[in-house]
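Below: one structure, written as structure tokens.
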Amino acid sequence: MVSELRSPVEEAQAPPDGARARAAELRRLVRHHAELYHVRDSPEIPDADYDALLAELRALEEQHPELADANSPTSTIGAPPSALFAPVAHDVPMMSLDNAFDLDELRAWDTRAASRLDGPAGPYVCELKFDGLAISVRYEQGRLVRAATRGDGRTGEDVTHNVATIGDVPRRLGAGAPEVLEVRGEVHMAIPAFERLNAAREEAGEARYANPRNTAAGSLRQKDPTVTAERELSWWCYQLGSMTGGPAIGCHSETLEFLDSLGLPVNEAWLLASDLAAVEAYVLQAEKQRHDHPYETDGVVIKVDDFGRQAELGVTSHHPRWAVAYKFPPEERTTRLREIQVSIGGKGKATPFAVLEPVFVGGSTVQMATLHNEDQVKAKDVRPGDIVAVRKAGDVIPEVLRPVLSERPEGLPAWEFPEFCPCPNRSPLVREGDDAAHHCRHPRCPAQQAGAIEHFASRGAMDIEGLGEKNVHLLIREGLIADVGDVYDLAEADVVSLERFGPKKARNLMAGIEASRDRPLSRLLFGLNIRHLGGAVGEFLADAFGDLDEIITASEEQLAETPGVGPIIAASVRAFFDDEDNLAVVGKLRAAGVNFAGPVPADTDEALSATLEGKVIVVTGTLENYSREEAAAAISARGGRSPGSVSGSTAAVVAGASPGASKLTKAEKLGVPVLDEQAFEHLLATGELPPGAAPEGAA
Ligand code: IVH
């Protein structure tokens with residue numbers, strides 16, 4: 001086509017194909033992660049990684065203006081509102097903020113503003129940057145009439161009924177309220193409220209929420225306002241949207257005073273700073289005092305005070321030029337390593353984990369962190385009694401980084417891997433061949449039994465709500481279950497009187513068990529806890545054989561011929577079904593009416609096939625249940641990629657035994673989460689990083 005021919009000059013200016021492809025890839029990634037953050041309230045990558053993707057895209061578009069696209073996420077905000085809530089058009093767009101990641105970038109922002117203004121931009125108002133979600137609240141004649149989320153900046157979601165349940169949001173303003181006032185602020189969950197909610201969830205045998213920000217967002221975007229009302233949300237008000245009939249106000253600092261005078265919750269920590277030196281001092285202090293507040297802050301927002309200068313500076317399609325967000329760097333905290341324990345997983349794998357003095361880091365309290373295996377403990381040289389640096393890898397999984405050697409008590413002994421399983425059998429923990437992991441091989445190890453039932457009930461397998469770690473241990477202790485077959489014999493009357501239950505939870509558990517009978521065969525296979533059989537292999541087998549009984553009777557050779565199933569897995573599957581005890585369990589499942597038929601229904605298949613869409617997962621080291629090829633096949637079957645090196649776009653690194661040190665270092669540097677095999681299986685099954693990612697089977 002003639003129109004596609006380029007002149008030599010155009011040819012020289014045209015962006016190379018690599019840049020075009022990278023821009024497309026970055027736009028896809030940014031959109032994907034923005035959707036997870038804004039719509040599903042469940043981000044998978046640290047904010048810093050998201051910012052890095054966006055910055056790379058912005059740089060690429062600046063370098064090659066031909067790549068510019070009005071729909072690029074560099075010129076759009078947030079994510080379109082969900083269909084669950086009525087749309088609300090914002091009269092004044094709710095914009096995002098430009099970021100500065102260090103003082104140099106802050107100074108550069110100031111220099112740009114000053115050069116546009118032909119003079120200094122200050123004074124400035126410095127405010128804390130609260131980590132929650134932005135909402136706009138509209139008052140007419142002093143009465144709350146509407147509250148909306150930011151949405152894509154132009155249209156948000158109507159969350160009036162939910163916001164009206166938040167104690168900090170006044171239903172009526174005080175004396176002097178203007179005819180119409182639309183104000184903006186951050187809905188968030190205070191840390192003590194978050195801890196209370198999680199304690200209650202733990203008590204109920206439910207999974208802990210990962211952090212206050214996502215919990216606040218999820219709590220606000222509920223269809224049922226009574227759920228929001230139970231969640232103890234808070235609000236800080238920090239920005240005027242629009243006003244009719246109020247006093248003449250000429251700058252932002254006066255706005256904050258005015259909002260405060262109306263009874264709106266304005267955080268007291270703001271400062272009117274006359275010049276950039278005062279701004280820098282505020283920023284440094286805020287960073288130092290970051291943990292002194294009962295709520296989370298992730299930076300400082302700096303706004304040009306004077307409205308005239310604000311108007312002169314104007315806005316881009318994405319953010320105002322008169323404000324900038326200084327982002328705090330990802331954090332690390334230190335705490336004492338009380339002891340190192342070993343937990344036994346459902347397949348007998350012994351995983352060492354750190355028991356820490358509780359410490360609030362990266363948005364939640366951490367008291368346990370997996371140490372993966374003996375080699376990792378040795379490489380890090382962490383010893384019980386050490387002060388250790390702890391970080392949230394990927395803001396999700398807690399990680400022990402290193403000991404603080406200067407604080408090590410003299411003569412502190414190194415940790416030795418225990419010789420015996422902590423279960424009453426005290427069978428030896430063995431390390432076979434070049435496997436980095438130790439295993440308990442006792443066939444009747446109760447720790448393994450509990451792990452096996454927990455695995456069966458986990459999200460990637462039969463997904464039985466209410467059958468988490470604590471409840472499994474309780475039911476085993478009470479003699480109500482000993483293997484997964486017993487789960488379907490449980491009756492409401494058996495559990496209703498137990499300490500952790502009561503009528504409602506007993507009913508919910510029964511409903512969870514009932515619902516699990518119809519799970520696809522691939523999930524049942526995965527749930528059976530067969531050695532080497534991960535979620536992906538479960539699917540391969542279900543697709544190939546179509547029925548559990550066909551698999552049970554298949555020969556090792558037939559199993560090994562299945563695409564994606566090698567001789568090791570085939571032998572393991574055959575051995576599992578040759579074991580009489582296992583067949584007895586399968587018999588109980590059959591009698592209970594658990595679905596044995598495959599293949600996986602088409603919709604589940606589709607859902608699975610997209611769970612890792614666009615994600616880059618790097619695998620390093622030797623996994624127990626997957627060869628490299630199987631791991632790569634499982635990732636690509638779900639729409640992901642698994643290149644050999646870690647980069648800014650890597651969503652997670654899966655580390656098996658003897659992982660590549662340079663990959664782990666790079667992951668650490670970039671804040672990429674590092675997953676163990678169990679977390680990887682969770683990721684394959686659900687597309688999500690495991691919340692909290694407590695070590696396997698940890699009590
Ligand atoms: S002002 C146009 N002030 O940060 C400026 N935003 O990253 C509007 N945020 O969308 C925002 N604390 O959700 C402003 N003190 C503060 C803030 C704040 C938190 C949030 C807000 C905004 C996001 C941008």
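Quick note on naming: the chains in the structure tokens go A, B, ... in the order shown, residues restart at 1 in each chain, and ligands are numbered from 1 in order of appearance.
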- request: Would you return as a ChimeraX atom specification the members of range 378-423 of chain A that DSSP assigns to helix (DSSP H, G or I) on this structure's backbone?
  value: /A:378-380,405-407
Write out as a PyMOL selection string all residues of range 344-574 of chain A that backbone DSSP assigns to strand (DSSP E).
chain A and resi 344+349-361+364-370+387-393+397-403+429-431+438-440
In Å and to one decimal, CA of Leu689 in chain A is distant from CA of Thr215 in chain A by 15.9 Å
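Between Glu254 in chain A and the candidates A:Leu240, A:Ile481, A:Val137, A:Val472, the tightest atom-to-atom separation, counting only C-alpha atoms, involves A:Leu240.
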If you count only C-alpha atoms and all ligand atoms, which residues end up within 6 Å of ligand 1, as an MDAnalysis selection string? chainID A and resid 95:97 127:131 133:134 186 238:239 301 320
With N, CA, C and O atoms kept, could you save the residues just selected as an mmCIF file, in the first residue's frame?
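Written output follows (again-v6.cif):
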data_model
loop_
_atom_site.group_PDB
_atom_site.id
_atom_site.type_symbol
_atom_site.label_atom_id
_atom_site.label_comp_id
_atom_site.auth_asym_id
_atom_site.auth_seq_id
_atom_site.Cartn_x
_atom_site.Cartn_y
_atom_site.Cartn_z
ATOM 1 N N MET A 95 -7.627 13.850 38.550
ATOM 2 C CA MET A 95 -6.380 13.497 37.886
ATOM 3 C C MET A 95 -5.460 12.691 38.793
ATOM 4 O O MET A 95 -5.655 12.625 40.000
ATOM 5 N N SER A 96 -4.456 12.144 38.155
ATOM 6 C CA SER A 96 -3.432 11.424 38.895
ATOM 7 C C SER A 96 -2.314 12.414 39.235
ATOM 8 O O SER A 96 -2.445 13.604 38.955
ATOM 9 N N LEU A 97 -1.248 11.957 39.811
ATOM 10 C CA LEU A 97 -0.130 12.852 40.127
ATOM 11 C C LEU A 97 1.129 12.370 39.428
ATOM 12 O O LEU A 97 1.322 11.168 39.227
ATOM 13 N N GLU A 127 1.906 17.784 51.904
ATOM 14 C CA GLU A 127 0.955 16.932 52.635
ATOM 15 C C GLU A 127 1.473 15.511 52.617
ATOM 16 O O GLU A 127 2.237 15.140 51.731
ATOM 17 N N LEU A 128 1.021 14.722 53.558
ATOM 18 C CA LEU A 128 1.354 13.305 53.494
ATOM 19 C C LEU A 128 0.577 12.686 52.335
ATOM 20 O O LEU A 128 -0.519 13.140 52.004
ATOM 21 N N LYS A 129 1.173 11.694 51.727
ATOM 22 C CA LYS A 129 0.464 10.966 50.676
ATOM 23 C C LYS A 129 -0.107 9.703 51.319
ATOM 24 O O LYS A 129 0.645 8.820 51.729
ATOM 25 N N PHE A 130 -1.425 9.660 51.449
ATOM 26 C CA PHE A 130 -2.086 8.554 52.135
ATOM 27 C C PHE A 130 -2.288 7.407 51.157
ATOM 28 O O PHE A 130 -2.614 7.633 49.991
ATOM 29 N N ASP A 131 -2.117 6.192 51.655
ATOM 30 C CA ASP A 131 -2.217 5.047 50.756
ATOM 31 C C ASP A 131 -3.597 4.411 50.863
ATOM 32 O O ASP A 131 -3.858 3.584 51.732
ATOM 33 N N LEU A 133 -7.679 4.886 48.572
ATOM 34 C CA LEU A 133 -8.200 5.172 47.238
ATOM 35 C C LEU A 133 -8.948 6.492 47.255
ATOM 36 O O LEU A 133 -9.584 6.841 48.255
ATOM 37 N N ALA A 134 -8.808 7.205 46.127
ATOM 38 C CA ALA A 134 -9.365 8.549 46.061
ATOM 39 C C ALA A 134 -10.873 8.469 45.867
ATOM 40 O O ALA A 134 -11.362 7.660 45.082
ATOM 41 N N GLU A 186 -8.847 10.692 50.562
ATOM 42 C CA GLU A 186 -8.400 9.304 50.464
ATOM 43 C C GLU A 186 -9.124 8.444 51.501
ATOM 44 O O GLU A 186 -8.973 8.662 52.711
ATOM 45 N N TYR A 238 -8.333 16.195 51.206
ATOM 46 C CA TYR A 238 -7.136 16.987 50.876
ATOM 47 C C TYR A 238 -7.227 17.873 49.650
ATOM 48 O O TYR A 238 -6.249 18.500 49.271
ATOM 49 N N GLN A 239 -8.388 17.917 48.988
ATOM 50 C CA GLN A 239 -8.394 18.676 47.740
ATOM 51 C C GLN A 239 -9.799 19.152 47.404
ATOM 52 O O GLN A 239 -10.763 18.409 47.582
ATOM 53 N N VAL A 301 2.846 14.609 49.093
ATOM 54 C CA VAL A 301 2.340 15.325 47.920
ATOM 55 C C VAL A 301 2.703 16.796 48.084
ATOM 56 O O VAL A 301 2.457 17.387 49.145
ATOM 57 N N PRO A 320 -1.764 17.244 36.981
ATOM 58 C CA PRO A 320 -1.504 18.682 36.995
ATOM 59 C C PRO A 320 0.004 18.944 37.055
ATOM 60 O O PRO A 320 0.728 18.146 37.646
#
Who sits within 10 Å of Leu480 in chain A, only C-alpha atoms, same chain under 4 positions skipped, as a PDB file with all heavy atoms, in the first residue's frame:
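As a result, result_39.pdb now contains:
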ATOM      1  N   VAL A 472      -8.191 -27.378  59.885  1.00  0.00           N
ATOM      2  CA  VAL A 472      -7.752 -28.749  59.561  1.00  0.00           C
ATOM      3  C   VAL A 472      -7.115 -29.368  60.806  1.00  0.00           C
ATOM      4  O   VAL A 472      -7.436 -30.498  61.195  1.00  0.00           O
ATOM      5  CB  VAL A 472      -6.752 -28.745  58.380  1.00  0.00           C
ATOM      6  CG1 VAL A 472      -6.057 -30.094  58.269  1.00  0.00           C
ATOM      7  CG2 VAL A 472      -7.468 -28.408  57.079  1.00  0.00           C
ATOM      8  N   LEU A 474      -7.580 -28.591  63.885  1.00  0.00           N
ATOM      9  CA  LEU A 474      -8.601 -28.817  64.907  1.00  0.00           C
ATOM     10  C   LEU A 474      -9.402 -30.094  64.601  1.00  0.00           C
ATOM     11  O   LEU A 474      -9.610 -30.942  65.486  1.00  0.00           O
ATOM     12  CB  LEU A 474      -9.542 -27.603  64.960  1.00  0.00           C
ATOM     13  CG  LEU A 474     -10.754 -27.739  65.877  1.00  0.00           C
ATOM     14  CD1 LEU A 474     -10.322 -27.784  67.340  1.00  0.00           C
ATOM     15  CD2 LEU A 474     -11.741 -26.595  65.674  1.00  0.00           C
ATOM     16  N   LEU A 475      -9.811 -30.228  63.353  1.00  0.00           N
ATOM     17  CA  LEU A 475     -10.636 -31.384  62.992  1.00  0.00           C
ATOM     18  C   LEU A 475      -9.846 -32.695  63.130  1.00  0.00           C
ATOM     19  O   LEU A 475     -10.400 -33.718  63.520  1.00  0.00           O
ATOM     20  CB  LEU A 475     -11.189 -31.225  61.566  1.00  0.00           C
ATOM     21  CG  LEU A 475     -12.167 -30.052  61.395  1.00  0.00           C
ATOM     22  CD1 LEU A 475     -12.498 -29.812  59.921  1.00  0.00           C
ATOM     23  CD2 LEU A 475     -13.463 -30.293  62.183  1.00  0.00           C
ATOM     24  N   ILE A 476      -8.542 -32.623  62.841  1.00  0.00           N
ATOM     25  CA  ILE A 476      -7.710 -33.823  63.028  1.00  0.00           C
ATOM     26  C   ILE A 476      -7.600 -34.133  64.521  1.00  0.00           C
ATOM     27  O   ILE A 476      -7.779 -35.268  64.961  1.00  0.00           O
ATOM     28  CB  ILE A 476      -6.304 -33.629  62.414  1.00  0.00           C
ATOM     29  CG1 ILE A 476      -6.394 -33.573  60.884  1.00  0.00           C
ATOM     30  CG2 ILE A 476      -5.361 -34.765  62.842  1.00  0.00           C
ATOM     31  CD1 ILE A 476      -5.074 -33.352  60.173  1.00  0.00           C
ATOM     32  N   ASP A 486     -12.305 -38.303  54.398  1.00  0.00           N
ATOM     33  CA  ASP A 486     -13.172 -38.062  55.564  1.00  0.00           C
ATOM     34  C   ASP A 486     -13.873 -36.712  55.508  1.00  0.00           C
ATOM     35  O   ASP A 486     -14.872 -36.501  56.197  1.00  0.00           O
ATOM     36  CB  ASP A 486     -12.338 -38.095  56.860  1.00  0.00           C
ATOM     37  CG  ASP A 486     -11.695 -39.454  57.071  1.00  0.00           C
ATOM     38  OD1 ASP A 486     -12.219 -40.445  56.533  1.00  0.00           O
ATOM     39  OD2 ASP A 486     -10.653 -39.507  57.760  1.00  0.00           O
ATOM     40  N   VAL A 487     -13.308 -35.813  54.714  1.00  0.00           N
ATOM     41  CA  VAL A 487     -13.873 -34.458  54.658  1.00  0.00           C
ATOM     42  C   VAL A 487     -15.358 -34.512  54.301  1.00  0.00           C
ATOM     43  O   VAL A 487     -16.183 -33.794  54.859  1.00  0.00           O
ATOM     44  CB  VAL A 487     -13.087 -33.609  53.628  1.00  0.00           C
ATOM     45  CG1 VAL A 487     -13.803 -32.311  53.310  1.00  0.00           C
ATOM     46  CG2 VAL A 487     -11.678 -33.338  54.157  1.00  0.00           C
ATOM     47  N   ASP A 489     -17.441 -36.826  54.899  1.00  0.00           N
ATOM     48  CA  ASP A 489     -18.275 -37.458  55.927  1.00  0.00           C
ATOM     49  C   ASP A 489     -18.630 -36.491  57.041  1.00  0.00           C
ATOM     50  O   ASP A 489     -19.418 -36.817  57.920  1.00  0.00           O
ATOM     51  CB  ASP A 489     -17.518 -38.642  56.566  1.00  0.00           C
ATOM     52  CG  ASP A 489     -17.614 -39.873  55.685  1.00  0.00           C
ATOM     53  OD1 ASP A 489     -18.483 -39.874  54.794  1.00  0.00           O
ATOM     54  OD2 ASP A 489     -16.803 -40.796  55.874  1.00  0.00           O
ATOM     55  N   LEU A 490     -17.993 -35.339  57.034  1.00  0.00           N
ATOM     56  CA  LEU A 490     -18.251 -34.377  58.120  1.00  0.00           C
ATOM     57  C   LEU A 490     -19.711 -33.947  58.091  1.00  0.00           C
ATOM     58  O   LEU A 490     -20.262 -33.693  57.017  1.00  0.00           O
ATOM     59  CB  LEU A 490     -17.379 -33.132  57.942  1.00  0.00           C
ATOM     60  CG  LEU A 490     -15.933 -33.214  58.403  1.00  0.00           C
ATOM     61  CD1 LEU A 490     -15.187 -31.948  57.983  1.00  0.00           C
ATOM     62  CD2 LEU A 490     -15.849 -33.387  59.918  1.00  0.00           C
ATOM     63  N   ALA A 491     -20.310 -33.867  59.266  1.00  0.00           N
ATOM     64  CA  ALA A 491     -21.691 -33.386  59.345  1.00  0.00           C
ATOM     65  C   ALA A 491     -21.701 -32.096  60.161  1.00  0.00           C
ATOM     66  O   ALA A 491     -20.830 -31.896  61.003  1.00  0.00           O
ATOM     67  CB  ALA A 491     -22.569 -34.436  60.013  1.00  0.00           C
ATOM     68  N   ASP A 494     -21.320 -32.412  63.730  1.00  0.00           N
ATOM     69  CA  ASP A 494     -19.991 -32.747  64.263  1.00  0.00           C
ATOM     70  C   ASP A 494     -19.205 -31.502  64.638  1.00  0.00           C
ATOM     71  O   ASP A 494     -18.422 -31.505  65.580  1.00  0.00           O
ATOM     72  CB  ASP A 494     -19.140 -33.470  63.199  1.00  0.00           C
ATOM     73  CG  ASP A 494     -19.710 -34.841  62.859  1.00  0.00           C
ATOM     74  OD1 ASP A 494     -20.413 -35.396  63.709  1.00  0.00           O
ATOM     75  OD2 ASP A 494     -19.427 -35.314  61.743  1.00  0.00           O
ATOM     76  N   VAL A 495     -19.365 -30.456  63.847  1.00  0.00           N
ATOM     77  CA  VAL A 495     -18.474 -29.300  64.009  1.00  0.00           C
ATOM     78  C   VAL A 495     -19.113 -28.129  64.747  1.00  0.00           C
ATOM     79  O   VAL A 495     -18.406 -27.290  65.305  1.00  0.00           O
ATOM     80  CB  VAL A 495     -17.933 -28.801  62.645  1.00  0.00           C
ATOM     81  CG1 VAL A 495     -16.993 -29.799  62.044  1.00  0.00           C
ATOM     82  CG2 VAL A 495     -19.049 -28.484  61.687  1.00  0.00           C
TER      83      VAL A 495
END
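Of the residues listed (A:Glu25, A:Asp306, A:Glu257, A:Asp579), A:Asp579 shows the shortest atom-to-atom separation from Ile552 in chain A; distances use only C-alpha atoms.
With only C-alpha atoms as the atoms that count, the minimum distance from Ser458 in chain A to the choices A:Ala24, A:Leu548, A:Leu524, A:Cys440 is reached by A:Leu524.
Here CA of Tyr282 in chain A is placed at a distance of 11.6 Å from CA of Leu103 in chain A.
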In terms of only C-alpha atoms, the residue from A:Gly119, A:Gly174, A:Ala482, A:Thr365 at minimal distance from Ile191 in chain A is A:Thr365
### Task
Identify, on the basis of only C-alpha atoms, every residue whose closest approach to Ala278 in chain A does not exceed 12 Å; exclude the query and any residue fewer than 3 positions from it along the same chain; express the result as a VMD selection string.
chain A and resid 122 to 126 271 to 275 281 to 285 302
May I have the selected residues written with all heavy atoms, as a CSV table (one decimal), in the first residue's frame?
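Full text of out-v5.csv as output:
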chain,number,residue,atom,x,y,z
A,122,GLY,N,7.0,28.4,44.3
A,122,GLY,CA,6.6,28.4,45.7
A,122,GLY,C,5.8,29.7,46.1
A,122,GLY,O,5.8,30.6,45.3
A,123,PRO,N,5.3,29.7,47.3
A,123,PRO,CA,5.3,28.7,48.3
A,123,PRO,C,4.5,27.4,47.9
A,123,PRO,O,3.7,27.5,47.0
A,123,PRO,CB,4.7,29.4,49.6
A,123,PRO,CG,4.0,30.6,49.0
A,123,PRO,CD,4.6,30.9,47.8
A,124,TYR,N,4.8,26.4,48.6
A,124,TYR,CA,4.2,25.1,48.3
A,124,TYR,C,3.5,24.5,49.6
A,124,TYR,O,3.9,24.8,50.7
A,124,TYR,CB,5.3,24.0,48.0
A,124,TYR,CG,6.4,24.5,47.1
A,124,TYR,CD1,7.5,25.2,47.5
A,124,TYR,CD2,6.3,24.2,45.7
A,124,TYR,CE1,8.4,25.7,46.7
A,124,TYR,CE2,7.3,24.6,44.8
A,124,TYR,CZ,8.3,25.4,45.3
A,124,TYR,OH,9.3,25.8,44.5
A,125,VAL,N,2.5,23.7,49.4
A,125,VAL,CA,1.9,23.0,50.5
A,125,VAL,C,2.4,21.6,50.4
A,125,VAL,O,2.3,20.9,49.4
A,125,VAL,CB,0.4,23.0,50.5
A,125,VAL,CG1,-0.2,22.1,51.5
A,125,VAL,CG2,-0.1,24.5,50.7
A,126,CYS,N,2.9,21.1,51.5
A,126,CYS,CA,3.4,19.7,51.6
A,126,CYS,C,2.3,18.9,52.4
A,126,CYS,O,1.9,19.4,53.5
A,126,CYS,CB,4.7,19.6,52.4
A,126,CYS,SG,6.0,20.5,51.6
A,271,LEU,N,2.0,21.3,55.7
A,271,LEU,CA,2.9,22.4,56.0
A,271,LEU,C,3.0,23.4,54.8
A,271,LEU,O,3.0,22.9,53.7
A,271,LEU,CB,4.4,21.9,56.2
A,271,LEU,CG,5.4,23.0,56.4
A,271,LEU,CD1,5.5,23.4,57.9
A,271,LEU,CD2,6.8,22.5,56.0
A,272,LEU,N,2.9,24.7,55.1
A,272,LEU,CA,3.1,25.7,54.0
A,272,LEU,C,4.6,25.9,54.0
A,272,LEU,O,5.2,26.5,55.0
A,272,LEU,CB,2.3,26.9,54.4
A,272,LEU,CG,2.4,28.0,53.3
A,272,LEU,CD1,1.8,27.5,52.0
A,272,LEU,CD2,1.6,29.2,53.8
A,273,ALA,N,5.3,25.5,52.9
A,273,ALA,CA,6.7,25.6,52.8
A,273,ALA,C,7.1,26.8,51.9
A,273,ALA,O,6.6,26.8,50.7
A,273,ALA,CB,7.3,24.3,52.3
A,274,SER,N,7.9,27.7,52.3
A,274,SER,CA,8.2,28.9,51.5
A,274,SER,C,9.1,28.6,50.3
A,274,SER,O,8.9,29.2,49.3
A,274,SER,CB,8.8,30.0,52.4
A,274,SER,OG,9.9,29.5,53.0
A,275,ASP,N,10.0,27.6,50.5
A,275,ASP,CA,10.9,27.3,49.3
A,275,ASP,C,11.2,25.8,49.3
A,275,ASP,O,10.8,25.1,50.2
A,275,ASP,CB,12.2,28.2,49.4
A,275,ASP,CG,12.9,27.9,50.8
A,275,ASP,OD1,12.6,26.9,51.4
A,275,ASP,OD2,13.7,28.7,51.1
A,281,ALA,N,13.1,19.4,53.5
A,281,ALA,CA,13.2,19.0,54.9
A,281,ALA,C,12.0,18.3,55.4
A,281,ALA,O,12.0,17.3,56.1
A,281,ALA,CB,13.4,20.3,55.8
A,282,TYR,N,10.8,18.7,54.9
A,282,TYR,CA,9.5,18.1,55.2
A,282,TYR,C,9.5,16.6,54.7
A,282,TYR,O,9.2,15.7,55.4
A,282,TYR,CB,8.4,18.8,54.6
A,282,TYR,CG,7.0,18.3,54.9
A,282,TYR,CD1,6.2,18.7,55.9
A,282,TYR,CD2,6.5,17.2,54.1
A,282,TYR,CE1,5.0,18.2,56.2
A,282,TYR,CE2,5.2,16.7,54.3
A,282,TYR,CZ,4.5,17.2,55.4
A,282,TYR,OH,3.2,16.7,55.7
A,283,VAL,N,10.0,16.5,53.4
A,283,VAL,CA,10.0,15.1,52.8
A,283,VAL,C,10.9,14.2,53.7
A,283,VAL,O,10.5,13.0,54.0
A,283,VAL,CB,10.6,15.2,51.4
A,283,VAL,CG1,11.0,13.9,50.9
A,283,VAL,CG2,9.5,15.8,50.5
A,284,LEU,N,12.1,14.6,54.0
A,284,LEU,CA,13.0,13.7,54.8
A,284,LEU,C,12.4,13.4,56.1
A,284,LEU,O,12.5,12.2,56.6
A,284,LEU,CB,14.4,14.4,54.9
A,284,LEU,CG,15.1,14.6,53.6
A,284,LEU,CD1,16.4,15.3,53.8
A,284,LEU,CD2,15.3,13.3,52.9
A,285,GLN,N,11.8,14.4,56.8
A,285,GLN,CA,11.2,14.1,58.1
A,285,GLN,C,10.0,13.1,58.0
A,285,GLN,O,9.9,12.2,58.7
A,285,GLN,CB,10.7,15.4,58.6
A,285,GLN,CG,9.8,15.3,59.8
A,285,GLN,CD,10.2,16.2,60.9
A,285,GLN,OE1,11.4,16.6,61.0
A,285,GLN,NE2,9.3,16.6,61.8
A,302,ILE,N,3.3,17.4,47.1
A,302,ILE,CA,3.7,18.8,47.1
A,302,ILE,C,2.9,19.5,46.1
A,302,ILE,O,2.8,19.1,44.9
A,302,ILE,CB,5.2,18.9,46.8
A,302,ILE,CG1,6.1,18.1,47.8
A,302,ILE,CG2,5.6,20.4,46.7
A,302,ILE,CD1,6.7,16.9,47.3
* Close residues, Phe417 in chain A itself excluded, 10 Å, only C-alpha atoms, min 2 positions apart in chain, as number ranges by chain -> A: 340-342, 350-352, 373-375, 377-378, 414-415, 419-420, 429, 438
So that I have them on file, write out the residues from the current selection with N, CA and C atoms, as an mmCIF file, in the first residue's frame.
data_model
loop_
_atom_site.group_PDB
_atom_site.id
_atom_site.type_symbol
_atom_site.label_atom_id
_atom_site.label_comp_id
_atom_site.auth_asym_id
_atom_site.auth_seq_id
_atom_site.Cartn_x
_atom_site.Cartn_y
_atom_site.Cartn_z
ATOM 1 N N ILE A 340 14.188 -20.723 64.210
ATOM 2 C CA ILE A 340 13.912 -21.275 62.883
ATOM 3 C C ILE A 340 13.221 -22.613 63.108
ATOM 4 N N GLN A 341 12.016 -22.740 62.566
ATOM 5 C CA GLN A 341 11.286 -24.000 62.691
ATOM 6 C C GLN A 341 11.194 -24.649 61.324
ATOM 7 N N VAL A 342 10.787 -25.889 61.334
ATOM 8 C CA VAL A 342 10.631 -26.592 60.072
ATOM 9 C C VAL A 342 9.172 -27.014 59.957
ATOM 10 N N ALA A 350 10.214 -30.685 54.002
ATOM 11 C CA ALA A 350 10.503 -29.955 55.246
ATOM 12 C C ALA A 350 11.054 -28.583 54.882
ATOM 13 N N THR A 351 10.268 -27.550 55.170
ATOM 14 C CA THR A 351 10.676 -26.197 54.804
ATOM 15 C C THR A 351 11.018 -25.398 56.048
ATOM 16 N N PRO A 352 12.267 -24.908 56.142
ATOM 17 C CA PRO A 352 12.590 -24.078 57.300
ATOM 18 C C PRO A 352 11.923 -22.712 57.169
ATOM 19 N N ASN A 373 15.097 -23.459 52.159
ATOM 20 C CA ASN A 373 15.787 -24.743 52.366
ATOM 21 C C ASN A 373 17.110 -24.504 53.104
ATOM 22 N N GLU A 374 17.776 -25.592 53.390
ATOM 23 C CA GLU A 374 19.011 -25.519 54.174
ATOM 24 C C GLU A 374 20.052 -24.600 53.517
ATOM 25 N N ASP A 375 20.190 -24.736 52.182
ATOM 26 C CA ASP A 375 21.211 -23.946 51.485
ATOM 27 C C ASP A 375 20.958 -22.448 51.621
ATOM 28 N N VAL A 377 19.401 -20.947 54.067
ATOM 29 C CA VAL A 377 19.712 -20.504 55.436
ATOM 30 C C VAL A 377 21.225 -20.319 55.556
ATOM 31 N N LYS A 378 21.973 -21.267 54.994
ATOM 32 C CA LYS A 378 23.436 -21.179 55.081
ATOM 33 C C LYS A 378 23.950 -19.975 54.295
ATOM 34 N N ALA A 414 25.507 -21.216 64.689
ATOM 35 C CA ALA A 414 24.792 -21.328 63.416
ATOM 36 C C ALA A 414 23.665 -22.339 63.587
ATOM 37 N N TRP A 415 22.660 -22.239 62.727
ATOM 38 C CA TRP A 415 21.511 -23.131 62.822
ATOM 39 C C TRP A 415 21.810 -24.436 62.071
ATOM 40 N N GLU A 419 17.490 -33.145 62.484
ATOM 41 C CA GLU A 419 17.661 -34.488 61.914
ATOM 42 C C GLU A 419 16.335 -35.211 61.742
ATOM 43 N N PHE A 420 15.358 -34.839 62.621
ATOM 44 C CA PHE A 420 14.119 -35.631 62.637
ATOM 45 C C PHE A 420 12.889 -34.761 62.403
ATOM 46 N N LEU A 429 14.695 -36.724 58.656
ATOM 47 C CA LEU A 429 14.490 -35.804 57.528
ATOM 48 C C LEU A 429 15.660 -36.020 56.584
ATOM 49 N N HIS A 438 14.819 -31.093 52.181
ATOM 50 C CA HIS A 438 14.739 -32.285 53.032
ATOM 51 C C HIS A 438 13.301 -32.803 52.989
#
(request) Write out as number ranges by chain each polymer residue whose atoms come within 8 Å of Val616 in chain A, counting only C-alpha atoms; drop sequence neighbours fewer than 2 positions from it. (result) A: 614, 618, 640-643, 649-652
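Taking CA of Arg638 in chain A and CA of Glu539 in chain A as the two end points, the separation is 11.7 Å.
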Name all residues at most 7 Å from Asp168 in chain A (count only C-alpha atoms; drop same-chain ones fewer than 3 positions away) and give them as an MDAnalysis selection string.
chainID A and resid 234:235 265
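Comparing the minimum interatomic distances between Tyr50 in chain A and each of A:Arg309, A:His33, A:Arg138, A:Arg574, counting only C-alpha atoms, we find that A:His33 sits nearest.
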